[in-house]
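Printed here is start_30.txt (compact mmCIF, C-alpha atoms and all ligand atoms):
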# COMPACT_ATOMS: atom_id res chain seq x y z
CA MET A 222 0.00 0.00 0.00
CA THR A 223 1.50 3.36 -1.02
CA TRP A 224 0.45 6.63 0.52
CA THR A 225 0.95 10.08 -0.97
CA LEU A 226 0.77 13.32 0.95
CA ALA A 227 -0.68 16.57 -0.38
CA ASP A 228 -0.17 19.93 1.33
CA PRO A 229 -1.24 20.00 4.99
CA PRO A 230 -4.15 22.22 6.13
CA ALA A 231 -3.26 25.67 7.53
CA LYS A 232 -4.20 24.64 11.08
CA PRO A 233 -4.92 21.42 13.00
CA LEU A 234 -8.56 20.64 13.80
CA PRO A 235 -9.96 23.04 16.40
CA VAL A 236 -11.91 20.43 18.42
CA ILE A 237 -10.63 16.90 18.97
CA LEU A 238 -12.69 14.05 20.41
CA LYS A 239 -10.96 12.03 23.13
CA PRO A 240 -9.91 8.60 21.84
CA LEU A 241 -11.40 5.65 23.73
CA ARG A 242 -9.44 2.81 25.23
CA ASP A 243 -8.79 0.03 22.69
CA GLU A 244 -10.27 2.14 19.87
CA LEU A 245 -8.93 1.76 16.34
CA LEU A 246 -7.59 4.75 14.40
CA SER A 247 -10.26 4.35 11.71
CA SER A 248 -12.93 4.47 14.42
CA TRP A 249 -11.51 7.63 16.00
CA LEU A 250 -11.39 9.29 12.56
CA GLN A 251 -14.97 8.27 11.83
CA ARG A 252 -16.24 9.63 15.15
CA THR A 253 -14.30 12.87 14.65
CA ALA A 254 -15.67 13.21 11.12
CA CYS A 255 -19.17 12.60 12.50
CA PHE A 256 -18.66 15.50 14.96
CA TYR A 257 -17.85 17.83 12.03
CA SER A 258 -20.74 16.36 9.97
CA VAL A 259 -18.40 15.14 7.23
CA SER A 260 -17.18 11.68 6.23
CA ALA A 261 -13.86 10.17 7.31
CA HIS A 262 -12.88 10.28 3.64
CA ASP A 263 -13.44 14.09 3.57
CA LEU A 264 -11.40 14.46 6.75
CA LEU A 265 -8.44 12.62 5.21
CA VAL A 266 -8.63 14.82 2.09
CA GLN A 267 -8.60 17.89 4.36
CA PHE A 268 -5.49 16.49 6.13
CA GLY A 269 -3.77 16.05 2.74
CA VAL A 270 -3.64 12.28 3.16
CA ALA A 271 -4.48 10.53 -0.10
CA PRO A 272 -7.86 8.97 0.55
CA THR A 273 -8.17 5.24 0.40
CA THR A 274 -11.22 3.36 -0.78
CA GLN A 275 -11.41 1.52 2.51
CA ILE A 276 -11.01 3.49 5.70
CA ARG A 277 -9.97 0.28 7.55
CA THR A 278 -6.64 0.19 5.66
CA ILE A 279 -5.55 3.09 7.84
CA ASP A 280 -5.36 0.68 10.80
CA PHE A 281 -2.41 -1.20 9.32
CA ASP A 282 1.12 -0.46 8.15
CA LEU A 283 1.03 3.35 8.23
CA PRO A 284 4.25 5.01 7.04
CA ALA A 285 5.94 7.43 9.45
CA SER A 286 5.08 10.45 7.25
CA VAL A 287 1.33 9.67 7.41
CA GLN A 288 1.52 9.00 11.15
CA HIS A 289 3.22 12.36 11.56
CA ARG A 290 0.64 14.21 9.44
CA LEU A 291 -2.30 12.65 11.28
CA SER A 292 -0.79 13.36 14.68
CA TRP A 293 -0.31 17.03 13.75
CA CYS A 294 -3.84 17.45 12.32
CA LEU A 295 -5.40 15.67 15.30
CA ARG A 296 -3.25 17.44 17.92
CA THR A 297 -1.67 14.30 19.32
CA ASN A 298 1.64 12.43 18.96
CA THR A 299 2.79 9.68 16.60
CA LEU A 300 3.04 7.16 19.47
CA ARG A 301 -0.69 7.50 20.14
CA ILE A 302 -1.45 7.11 16.42
CA ARG A 303 0.76 3.99 16.27
CA ASN A 304 -0.88 2.52 19.37
CA MET A 305 -4.30 2.89 17.78
CA CYS A 306 -3.25 0.72 14.83
CA HIS A 307 -2.57 -3.01 14.77
CA SER A 308 0.98 -3.21 16.04
CA ILE A 309 1.51 -6.71 14.74
CA PRO A 310 3.24 -7.35 11.44
CA ILE A 311 0.41 -8.22 9.08
CA VAL A 312 2.25 -11.21 7.54
CA ARG A 313 2.66 -12.80 10.97
CA ALA A 314 -0.95 -12.20 11.83
CA GLN A 315 -2.33 -13.60 8.60
CA ARG A 316 -0.90 -17.00 9.42
CA PHE A 317 -3.29 -17.34 12.31
CA VAL A 318 -6.11 -14.86 12.22
CA ALA A 319 -8.64 -13.27 9.91
CA ILE A 320 -8.34 -9.69 11.07
CA SER A 321 -10.52 -8.12 8.45
CA GLU A 322 -13.63 -9.69 9.95
CA ALA A 323 -15.18 -8.50 13.19
CA VAL A 324 -16.58 -11.63 14.74
CA SER A 325 -16.70 -10.92 18.44
CA ARG A 326 -18.94 -8.32 20.01
CA CYS A 327 -19.22 -6.94 23.48
CA ALA A 328 -22.70 -6.85 24.99
CA THR A 329 -21.80 -3.89 27.21
CA GLY A 330 -20.65 -1.91 24.18
CA ASP A 331 -23.75 -2.89 22.21
CA LEU A 332 -25.91 -1.51 24.99
CA ARG A 333 -23.90 1.67 25.47
CA TRP A 334 -23.97 2.81 21.85
CA GLN A 335 -27.42 1.44 21.05
CA GLY A 336 -29.03 4.88 20.66
CA ASN A 337 -26.28 6.35 18.49
CA PRO A 338 -24.93 3.82 16.01
CA THR A 339 -23.13 6.44 13.86
CA THR A 340 -20.64 7.30 16.59
CA ARG A 341 -20.24 3.70 17.74
CA PRO A 342 -16.51 3.01 18.06
CA ILE A 343 -14.73 0.01 16.55
CA PHE A 344 -12.47 -1.65 19.09
CA ARG A 345 -9.25 -3.35 18.20
CA SER A 346 -9.94 -6.38 20.40
CA TRP A 347 -12.83 -7.38 18.09
CA PHE A 348 -10.41 -7.87 15.26
CA GLU A 349 -7.60 -9.63 17.05
CA SER A 350 -9.10 -13.04 17.02
CA TRP A 351 -6.90 -14.55 19.70
CA GLN A 352 -8.66 -12.17 22.11
CA ILE A 353 -11.51 -13.70 24.04
CA SER A 354 -12.49 -10.77 26.17
CA CYS A 355 -13.42 -7.19 25.41
CA GLY A 356 -10.49 -4.76 25.43
CA VAL A 357 -12.66 -2.16 27.17
CA CYS A 358 -14.69 -3.90 29.88
CA ARG A 359 -12.71 -7.17 29.99
CA ARG A 360 -15.88 -9.25 29.87
CA PRO A 361 -16.01 -12.36 27.65
CA PHE A 362 -17.12 -11.84 24.06
CA HIS A 363 -20.39 -13.32 22.91
CA ILE A 364 -21.33 -14.90 19.60
CA PRO A 365 -22.58 -12.06 17.38
CA GLN A 366 -25.90 -13.42 16.12
CA SER A 367 -27.31 -14.70 19.40
CA ARG A 368 -28.90 -12.33 21.86
CA ASN A 369 -28.34 -12.42 25.62
CA VAL A 370 -26.06 -15.42 25.30
CA GLU A 371 -23.23 -13.70 27.11
CA ALA A 372 -24.51 -14.06 30.66
CA LYS A 373 -25.22 -17.76 30.14
CA ALA A 374 -21.83 -18.31 28.51
CA ILE A 375 -19.91 -16.93 31.46
CA LYS A 376 -21.63 -19.35 33.82
CA LYS A 377 -21.27 -22.40 31.63
CA VAL A 378 -17.61 -22.15 30.71
CA PRO A 379 -15.68 -23.75 33.60
CA GLU A 380 -13.55 -21.26 35.53
CA THR A 381 -10.27 -23.19 35.07
CA LEU A 382 -10.86 -23.35 31.32
CA TRP A 383 -11.51 -19.61 31.19
CA GLN A 384 -8.38 -18.80 33.21
CA ASP A 385 -6.20 -21.09 31.06
CA ALA A 386 -7.66 -19.60 27.88
CA MET A 387 -6.88 -16.08 29.15
CA ALA A 388 -3.28 -17.18 29.84
CA GLY A 389 -3.16 -18.73 26.35
CA SER A 390 -4.45 -15.49 24.86
CA ALA A 391 -1.62 -13.56 26.55
CA LEU A 392 0.88 -16.14 25.26
CA PHE A 393 -0.47 -15.76 21.73
CA ALA A 394 -0.28 -11.96 21.93
CA GLN A 395 3.38 -12.28 22.94
CA TYR A 396 4.03 -14.64 20.04
CA ILE A 397 2.28 -12.56 17.41
CA SER A 398 4.25 -9.44 18.36
CA GLY A 399 7.53 -11.41 18.17
CA LYS A 400 8.22 -11.46 21.91
CA PRO A 401 9.48 -14.50 23.87
CA CYS A 402 6.50 -16.71 24.55
CA GLY A 403 7.45 -20.20 25.67
CA ILE A 404 8.96 -23.40 24.45
CA LEU A 405 7.04 -24.00 21.19
CA PRO A 406 5.44 -21.53 18.78
CA PRO A 407 1.62 -21.88 18.59
CA LYS A 408 1.88 -23.29 15.06
CA ILE A 409 3.84 -26.31 16.34
CA VAL A 410 1.53 -26.84 19.32
CA TRP A 411 -1.37 -26.70 16.85
CA LEU A 412 0.25 -29.37 14.68
CA LEU A 413 0.97 -31.67 17.63
CA ALA A 414 -2.49 -31.25 19.15
CA SER A 415 -4.18 -31.83 15.77
CA ALA A 416 -2.91 -35.43 15.64
CA PRO A 417 -5.83 -37.91 15.53
CA MET A 418 -6.34 -39.93 18.73
CA ARG A 419 -7.29 -43.61 19.02
CA ARG A 420 -10.96 -44.27 19.62
CA HIS A 421 -10.55 -45.77 23.10
CA ASP A 422 -8.56 -42.67 24.12
CA GLY A 423 -11.58 -40.47 23.47
CA GLY A 424 -11.25 -40.14 19.68
CA GLY A 425 -11.03 -36.76 17.96
CA THR A 426 -7.76 -34.86 18.01
CA GLY A 427 -5.18 -34.15 20.69
CA PHE A 428 -7.01 -30.94 21.59
CA ARG A 429 -9.63 -33.05 23.34
CA LEU A 430 -6.93 -34.72 25.41
CA ILE A 431 -5.41 -31.41 26.52
CA VAL A 432 -8.78 -29.66 26.98
CA PRO A 433 -11.24 -32.38 28.04
CA GLU A 434 -13.82 -29.72 28.98
CA SER A 435 -14.35 -29.07 25.27
CA SER A 436 -16.15 -32.41 24.92
CA ARG A 437 -18.59 -31.83 27.78
CA PRO A 438 -22.19 -31.82 26.55
CA VAL A 439 -22.94 -28.49 28.22
CA PHE A 440 -19.97 -26.85 26.52
CA GLU A 441 -21.04 -28.35 23.20
CA ALA A 442 -24.50 -26.90 23.71
CA ILE A 443 -23.18 -23.36 23.99
CA HIS A 444 -21.19 -23.44 20.79
CA SER A 445 -23.76 -25.27 18.73
CA SER A 446 -23.71 -22.62 15.99
CA PRO A 447 -21.56 -24.13 13.24
CA PRO A 448 -18.10 -22.56 13.08
CA THR A 449 -16.48 -21.98 9.68
CA THR A 450 -13.03 -22.13 11.20
CA ILE A 451 -12.02 -23.02 14.70
CA ARG A 452 -10.03 -19.81 15.08
CA THR A 453 -12.25 -17.04 13.91
CA LYS A 454 -15.96 -17.68 13.89
CA ASN A 455 -16.63 -19.18 17.28
CA PRO A 456 -15.30 -17.66 20.49
CA PHE A 457 -15.95 -20.89 22.41
CA LYS A 458 -13.87 -23.01 20.05
CA ARG A 459 -11.25 -20.34 20.46
CA LEU A 460 -11.28 -20.97 24.22
CA THR A 461 -10.23 -24.57 23.60
CA LEU A 462 -7.42 -23.53 21.30
CA LEU A 463 -6.04 -20.89 23.63
CA ALA A 464 -6.35 -23.04 26.77
CA ALA A 465 -4.49 -25.81 24.92
CA PHE A 466 -1.60 -23.43 24.17
CA HIS A 467 -1.28 -22.50 27.83
CA ARG A 468 -1.65 -26.04 29.19
CA PHE A 469 0.83 -27.41 26.70
CA ASP A 470 3.36 -24.73 27.65
CA GLN A 471 3.05 -25.66 31.35
CA HIS A 472 4.20 -29.28 30.79
CA PRO A 473 5.44 -29.59 27.20
CA ALA A 474 7.43 -32.84 27.57
CA ALA A 475 4.60 -34.58 29.44
CA TRP A 476 2.06 -33.57 26.77
CA VAL A 477 4.27 -34.72 23.91
CA GLY A 478 4.51 -38.12 25.65
CA GLU A 479 0.77 -38.38 26.28
CA LEU A 480 -0.17 -37.24 22.78
CA ALA A 481 2.21 -39.74 21.18
CA GLU A 482 0.85 -42.55 23.37
CA ALA A 483 -2.82 -41.85 22.64
CA ALA A 484 -2.41 -41.02 18.94
CA THR A 485 -3.34 -43.36 16.11
CA GLU A 486 -0.47 -44.83 14.10
CA ALA A 487 -0.79 -42.02 11.52
CA GLY A 488 -1.07 -39.45 14.30
CA ARG A 489 2.11 -40.73 15.93
CA ARG A 490 3.95 -40.50 12.63
CA ALA A 491 2.72 -36.91 12.22
CA ILE A 492 3.91 -36.02 15.75
CA PHE A 493 7.37 -37.49 15.14
CA ALA A 494 7.61 -35.69 11.79
CA VAL A 495 6.96 -32.40 13.60
CA LEU A 496 9.52 -33.20 16.32
CA GLU A 497 12.05 -34.22 13.68
CA ASN A 498 12.10 -30.65 12.32
CA LEU A 499 12.86 -29.05 15.69
CA PRO A 500 16.37 -28.02 16.77
CA SER A 501 18.03 -31.00 18.49
CA THR A 502 18.18 -29.39 21.98
CA ILE A 503 14.44 -28.84 22.02
CA ARG A 504 13.64 -32.21 20.45
CA ASP A 505 15.74 -34.08 23.02
CA ALA A 506 14.18 -32.10 25.84
CA LEU A 507 10.68 -32.93 24.62
CA THR A 508 11.22 -36.59 23.88
CA HIS A 509 13.32 -37.61 26.90
CA ARG A 510 11.15 -36.85 29.86
CA GLY A 511 12.94 -35.01 32.63
CA CYS A 512 15.51 -33.43 30.28
CA LEU A 513 13.50 -30.23 30.11
CA GLY A 514 14.45 -29.26 33.67
CA ARG A 515 18.13 -29.26 32.76
CA ILE A 516 17.73 -26.48 30.17
CA SER A 517 17.80 -22.97 31.63
CA ALA A 518 14.44 -21.29 32.14
CA GLY A 519 15.68 -18.27 30.17
CA TYR A 520 16.34 -20.44 27.13
CA LEU A 521 12.94 -22.12 27.35
CA LYS A 522 11.27 -18.72 27.37
CA HIS A 523 12.98 -17.82 24.09
CA ALA A 524 12.84 -21.29 22.56
CA SER A 525 9.93 -20.59 20.19
CA ARG A 526 11.97 -17.84 18.53
CA ASP A 527 14.91 -20.23 18.08
CA ILE A 528 12.56 -22.72 16.47
CA GLU A 529 11.32 -20.15 13.97
CA LEU A 530 14.90 -19.22 13.06
CA HIS A 531 15.76 -22.90 12.73
CA ASP A 532 12.77 -23.27 10.39
CA ILE A 533 14.01 -20.39 8.22
CA ARG A 534 17.54 -21.89 8.13
CA LEU A 535 16.13 -25.24 7.00
CA LYS A 536 14.16 -23.58 4.19
CA LEU A 537 17.22 -21.56 3.10
CA ALA A 538 19.33 -24.73 3.03
CA VAL A 539 16.76 -26.39 0.73
CA ASN A 540 16.71 -23.33 -1.55
CA LEU A 541 20.52 -23.19 -1.72
CA ARG A 542 20.65 -26.89 -2.56
CA GLN A 543 18.16 -26.35 -5.39
CA ILE A 544 20.16 -23.38 -6.74
CA ASP A 545 23.33 -25.47 -6.54
CA GLN A 546 21.72 -28.28 -8.53
CA THR A 547 20.44 -25.87 -11.18
CA CYS A 548 23.92 -24.37 -11.54
CA LEU A 549 25.47 -27.84 -11.94
CA LYS A 550 22.91 -28.67 -14.62
CA LEU A 551 23.66 -25.40 -16.45
CA ILE A 552 27.39 -26.08 -16.34
CA ALA A 553 26.84 -29.59 -17.72
CA VAL A 554 24.60 -28.27 -20.51
CA ALA A 555 27.00 -25.41 -21.29
CA SER A 556 29.82 -27.79 -22.20
CA GLN A 557 27.68 -29.17 -25.04
CA HIS A 558 27.11 -25.75 -26.62
CA LEU A 559 29.49 -23.44 -28.37
CA PRO A 560 29.90 -20.05 -26.71
CA GLU A 561 27.75 -17.38 -28.36
CA SER A 562 29.51 -14.66 -30.25
CA HIS A 563 28.91 -11.13 -29.05
CA ILE A 564 30.69 -9.46 -31.97
ZN ZN A 601 -16.89 -4.49 26.61
Could you express the structure from this file as structure tokens?
Amino acid sequence: MTWTLADPPAKPLPVILKPLRDELLSSWLQRTACFYSVSAHDLLVQFGVAPTTQIRTIDFDLPASVQHRLSWCLRTNTLRIRNMCHSIPIVRAQRFVAISEAVSRCATGDLRWQGNPTTRPIFRSWFESWQISCGVCRRPFHIPQSRNVEAKAIKKVPETLWQDAMAGSALFAQYISGKPCGILPPKIVWLLASAPMRRHDGGGTGFRLIVPESSRPVFEAIHSSPPTTIRTKNPFKRLTLLAAFHRFDQHPAAWVGELAEAATEAGRRAIFAVLENLPSTIRDALTHRGCLGRISAGYLKHASRDIELHDIRLKLAVNLRQIDQTCLKLIAVASQHLPESHI
């Protein structure tokens, strides 16, 4: 996305609305525009920021010059502008979440802005789909279509599950912003926990083993609306996923052992294939129970980052090998052809 700047207005806006906690930049602009009885598009033209067809694009990847222009026009600083955008690198986020879709809603917010839908703010937490609670009031999200389901949902989700899911959500937030977040990156935990389990071990995937609450009939009843994907459409499925991340991180070696024992033959092969691609220190620690304690806690905290780097190194090695082979082929072919004349 390229942005072009026209001349700035003579003066910043005279009256500025106070931004709300967790509010997105696009939302703040829309509310401000509403105050001046213009559209957000008009406001951006006035600021000399080349208007975009979709106001939501302003919430991602803003160049420093645009951040600076907006902060001047809106009488604030660039840090505040940056904090109102998605701070995560969009490539990293796209691997796990569908940010462009608001799927979670807060009942408190719905009630508060009921009478005035034009100035209703858009909160960032709705779009960050590893979030399970509202960024403003901290209450659990509810499924959008169903009314008054929130109160029931809070009661029916077991407290330990909720707490573990909250811890998993924090872990995921750390991961997605590139901070140290535990022994395995969520992608690897996902792969391990997706292994199919033998029927007499409860069937389904490893997620059921780590989060047995997810198979309780009462829990099933709450999330009966069919989810399109486990990550984005259904906040209750999301609870299982996030709780699994946290629980796995508490006892990684023990879970690897239990998953491998309960998995089907194909599942076990899949688990070992995943382990095979890990750096040897981590693999040994996960496969020989008790070895984990001998690695320093500081290393374990950063391990997921090491695994990602290891992954990149492996891919680079494959690419280099391919380039090498192509070069060898070219050299072999070249000997059979006469050099071309450039005269
Ligand atoms: Zn709320």
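Between atom CA of A:Ala227 and atom CA of A:Val270 the separation is 6.3 Å.
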- Task: Extract, using only C-alpha atoms, all DNA, RNA and protein residues at most 12 Å from A:His531, discarding same-chain residues fewer than 2 positions from it, and format them as a PyMOL selection string.
- Result: chain A and resi 497-503+524-529+533-538
- Residues at most 12 Å from A:Leu300, counting only C-alpha atoms, excluding those fewer than 3 positions away in the same chain, as a PyMOL selection string? chain A and resi 285+288-289+291-293+297+303-306+308
- Message: For a test of reading the model, state the distance in Å between atom CA of A:Leu226 and atom CA of A:Val266, rounded to one decimal.
- Response: 9.6 Å
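Identified as lying at most 9 Å from ligand ZN 601 (chain A) when counting all atoms listed in the file are the residues Arg326, Cys327, Ala328, Thr329, Gly330, Asp331, Ser354, Cys355, Gly356, Val357, Cys358, Arg359, Arg360, Pro361 and Phe362 of chain A.
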Can you write out as a tab-separated table which residues of stretch 458-544 of chain A fall within 7 Å of stretch 415-424 of chain A, alongside each residue's closest atom pair and its distance in Å to one decimal, counting all atoms listed in the file and ordering rows by chain and ascending residue number?
residue	atom	partner	partner_atom	distance
A:Ala483	CA	A:Met418	CA	5.6
A:Ala484	CA	A:Met418	CA	4.1
A:Thr485	CA	A:Arg419	CA	4.9
A:Gly488	CA	A:Ala416	CA	4.6
A:Ala491	CA	A:Ala416	CA	6.8
A:Ile492	CA	A:Ala416	CA	6.8
- Message: Calculated over all atoms listed in the file, which of the candidates A:Glu380, A:Asp505, A:Glu244, A:Glu479 has the smallest distance to A:Asp280?
- Response: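 Smallest distance to A:Asp280 is found for A:Glu244.
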- Message: Neighbouring residues of A:Gln352 were defined as those with any atom within 9 Å, considering all atoms listed in the file; residues of the same chain fewer than 6 positions away were excluded. Please report them as a ChimeraX atom specification.
- Response: /A:325,346,362,387,390-391,393-394,456,459
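One finds atom CA of A:Leu463 at 17.4 Å from atom CA of A:Leu480.
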- Query: Which is closest to A:Ile431 among A:Gln251, A:Cys402, A:Leu412, A:Trp476, if we use only C-alpha atoms?
  - Reply: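 Distance minimum relative to A:Ile431 lands on A:Trp476.
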- Message: List as a ChimeraX atom specification the protein and nucleic acid residues near A:Ile237, meaning an atom at most 10 Å away when only C-alpha atoms are counted, but skip any in the same chain fewer than 5 places from it.
- Response: /A:249-250,252-253,256,294-297
